[in-house]
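Report on the structure given below.
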Amino acid sequence: MRKTVVAVSLLGLVLMSGCTRSVEKAEKAPESSGGAPGLTPDAANGATVTGKITFTGTKPALRDIDMSANPACQKIHPKPVASEEVIVNSGGTLANVFVWVKAGVPEGKWAAPPTPAVVDQQGCIYTPHVSGVVVGQPIEFRNSDETNHNIHPLPRQNQEWNESQPPKGDPKTKKFDQEEVMVPVKCNIHPWMRAYLGVVRHPFFAVTGSDGSFKIAGLPPGKYTVEAWHERFGRQEAEVTVKAKDSKSVDFRFAAKK
Ligand SMILES: [Cu+2]
């Protein structure tokens, strides 16, 4: 009888130490798999959220960009260059709206695409004006111009940097390691130059183009907060709940400020 008790308690000790070890392993796993690709959208079973951003009211009067202070830039543009601050498409929709899933996306490390996002400087304009990257995804800043630029992102959560780039200089590849929507990017030489980068911890974001629409695909089933950001008109949120393979639409409407 006594032997059995001893045997059982020994077995207990062995089991307990076994447990402790496996917990330690589980906790350490994410660190040691730092190079792992991470979570990716589920193209086959994920849900799709699409929508349109409409604009109501009168488009604000915007001055054309004045490049006269810099002949190298001005000579590229025989005609005045329209501001990109508000682009209302022919159908009354809004371009350059950054739409992203702000809340509800499962925690965990989402894979950063190895392919760099590209922000070029062409004719002393950042192209694209608005774009997005996944946290940790490389961004290639290019200079296609015959003039100097000075790239200067102005983040609040990420590390600020400020680097000049010679005419047609080598691309600069950078990363942001914190989620931040949006990071404004200016050029210290040309005050009109502005780009905006949405840095998101997952790949569920889009930017509206000439039809004002967006599409976010591969979302796991769940309840989400979707946010639409516009540089002039601010932010709006909407809730959406999706099941596997669902297609739902979420529209936003921005109005002219009075
Ligand atoms: Cu510049």
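The way I read the labels, and the way they are meant: chains A, B, ... in the order of the structure tokens, residue 1 as the first residue of every chain, and ligand 1 as the first ligand shown, with later ones counted on from there.
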Nearby polymer residues, ligand 1, at most 9 Å, only C-alpha atoms and all ligand atoms, as a list in words: Cys73, Gln121, Cys124, Ile125, Tyr126, Asn143, Thr147, Asn148, His149, Asn150, Ile151, Ser164, Gln165, Lys186, Cys187, Asn188, Ile189, His190, Pro191, Trp192 and Met193 of chain A
Excluding A:Asp145 and residues on its chain fewer than 5 positions from it, collect all residues at most 6 Å away from it, counting only C-alpha atoms, and give them as a compact mmCIF listing (two decimals) with all heavy atoms, in the first residue's frame.
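Output (around.txt):
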# COMPACT_ATOMS: atom_id res chain seq x y z
N GLN A 122 8.50 61.36 -58.90
CA GLN A 122 8.45 61.60 -60.34
C GLN A 122 7.91 62.99 -60.57
O GLN A 122 6.76 63.28 -60.17
CB GLN A 122 7.50 60.59 -61.02
CG GLN A 122 7.99 59.16 -60.99
CD GLN A 122 6.99 58.21 -61.63
OE1 GLN A 122 5.79 58.49 -61.66
NE2 GLN A 122 7.48 57.09 -62.11
N PRO A 167 19.96 63.08 -57.52
CA PRO A 167 19.20 62.84 -58.76
C PRO A 167 19.36 61.38 -59.23
O PRO A 167 20.49 60.89 -59.30
CB PRO A 167 19.85 63.81 -59.76
CG PRO A 167 20.43 64.89 -58.91
CD PRO A 167 20.83 64.24 -57.61
N LYS A 168 18.26 60.75 -59.52
CA LYS A 168 18.24 59.33 -59.96
C LYS A 168 19.08 58.45 -59.03
O LYS A 168 19.73 57.48 -59.47
CB LYS A 168 18.75 59.20 -61.40
CG LYS A 168 18.03 60.12 -62.37
CD LYS A 168 17.40 59.34 -63.49
CE LYS A 168 16.71 60.25 -64.48
NZ LYS A 168 15.57 59.61 -65.13
Skip A:His129 itself and residues of its chain fewer than 3 positions away, then list as a ChimeraX atom specification all residues within 12 Å of it, counting only C-alpha atoms. /A:83-87,95-98,118-122,124-126,132,183-186,192-198,207-209,230-231
Just C-alpha atoms for this one: save the residues we selected as a PDB file, in the first residue's frame.
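File written: out-v2.pdb
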ATOM      1  CA  SER A  83      -3.248  69.350 -55.966  1.00  0.00           C
ATOM      2  CA  GLU A  84      -3.797  65.737 -54.943  1.00  0.00           C
ATOM      3  CA  GLU A  85      -5.288  66.708 -51.596  1.00  0.00           C
ATOM      4  CA  VAL A  86      -8.848  66.085 -52.776  1.00  0.00           C
ATOM      5  CA  ILE A  87      -9.525  64.005 -55.881  1.00  0.00           C
ATOM      6  CA  ALA A  95      -9.813  58.669 -54.528  1.00  0.00           C
ATOM      7  CA  ASN A  96      -6.864  58.213 -52.163  1.00  0.00           C
ATOM      8  CA  VAL A  97      -8.960  56.987 -49.266  1.00  0.00           C
ATOM      9  CA  PHE A  98      -7.100  54.473 -47.128  1.00  0.00           C
ATOM     10  CA  VAL A 118       7.380  51.349 -54.020  1.00  0.00           C
ATOM     11  CA  VAL A 119       7.125  55.085 -53.433  1.00  0.00           C
ATOM     12  CA  ASP A 120       8.681  56.942 -56.336  1.00  0.00           C
ATOM     13  CA  GLN A 121       9.448  60.604 -56.836  1.00  0.00           C
ATOM     14  CA  GLN A 122       8.449  61.596 -60.344  1.00  0.00           C
ATOM     15  CA  CYS A 124       8.712  66.270 -57.842  1.00  0.00           C
ATOM     16  CA  ILE A 125       5.573  64.421 -56.787  1.00  0.00           C
ATOM     17  CA  TYR A 126       5.389  61.344 -54.580  1.00  0.00           C
ATOM     18  CA  GLY A 132      -0.154  50.930 -47.457  1.00  0.00           C
ATOM     19  CA  VAL A 183       2.515  58.208 -41.588  1.00  0.00           C
ATOM     20  CA  PRO A 184       2.877  61.492 -43.510  1.00  0.00           C
ATOM     21  CA  VAL A 185       5.991  61.765 -45.669  1.00  0.00           C
ATOM     22  CA  LYS A 186       7.373  65.129 -46.724  1.00  0.00           C
ATOM     23  CA  TRP A 192       4.429  70.706 -51.716  1.00  0.00           C
ATOM     24  CA  MET A 193       5.577  67.083 -51.815  1.00  0.00           C
ATOM     25  CA  ARG A 194       3.457  64.867 -49.592  1.00  0.00           C
ATOM     26  CA  ALA A 195       2.791  61.131 -49.397  1.00  0.00           C
ATOM     27  CA  TYR A 196       0.877  59.119 -46.807  1.00  0.00           C
ATOM     28  CA  LEU A 197       1.703  55.565 -45.776  1.00  0.00           C
ATOM     29  CA  GLY A 198      -0.635  53.326 -43.823  1.00  0.00           C
ATOM     30  CA  VAL A 207      -6.602  52.456 -51.238  1.00  0.00           C
ATOM     31  CA  THR A 208      -9.378  53.824 -53.429  1.00  0.00           C
ATOM     32  CA  GLY A 209      -8.545  54.768 -56.989  1.00  0.00           C
ATOM     33  CA  HIS A 230      -8.884  60.756 -46.006  1.00  0.00           C
ATOM     34  CA  GLU A 231      -6.183  63.378 -45.617  1.00  0.00           C
TER      35      GLU A 231
END
Find the spatial neighbours of A:Val134, counting only C-alpha atoms, within a cut-off of 7 Å - ignore same-chain residues fewer than 2 positions away - and output them as a PyMOL selection string. chain A and resi 112+136-137+199-203
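Non-sequential neighbours of stretch 221-228 of chain A (distance at most 7 Å, separation of 2 or more positions within a chain, only C-alpha atoms) are Gly46, Ala47, Val97, Phe98, Val99, Trp100, Val101, Lys102, Ala103, Gly104, Leu219, His230, Arg235, Gln236, Glu237, Ala238, Glu239, Val240, Thr241, Val242, Lys243 and Ala244 of chain A.
DSSP secondary structure from the backbone places A:Val14, A:Leu15, A:Met16, A:Ser17, A:Gly18, A:Cys19, A:Thr20, A:Arg21, A:Ser22, A:Val23, A:Glu24, A:Lys25, A:Ala26, A:Glu27, A:Lys28, A:Ala29, A:Pro30, A:Glu31, A:Ser32, A:Pro71, A:Ala72, A:Cys73, A:Gln74 of stretch 14-212 of chain A in alpha helix (DSSP H).
Going from atom CA of A:Lys245 to atom CA of A:Pro106 covers 16.9 Å.
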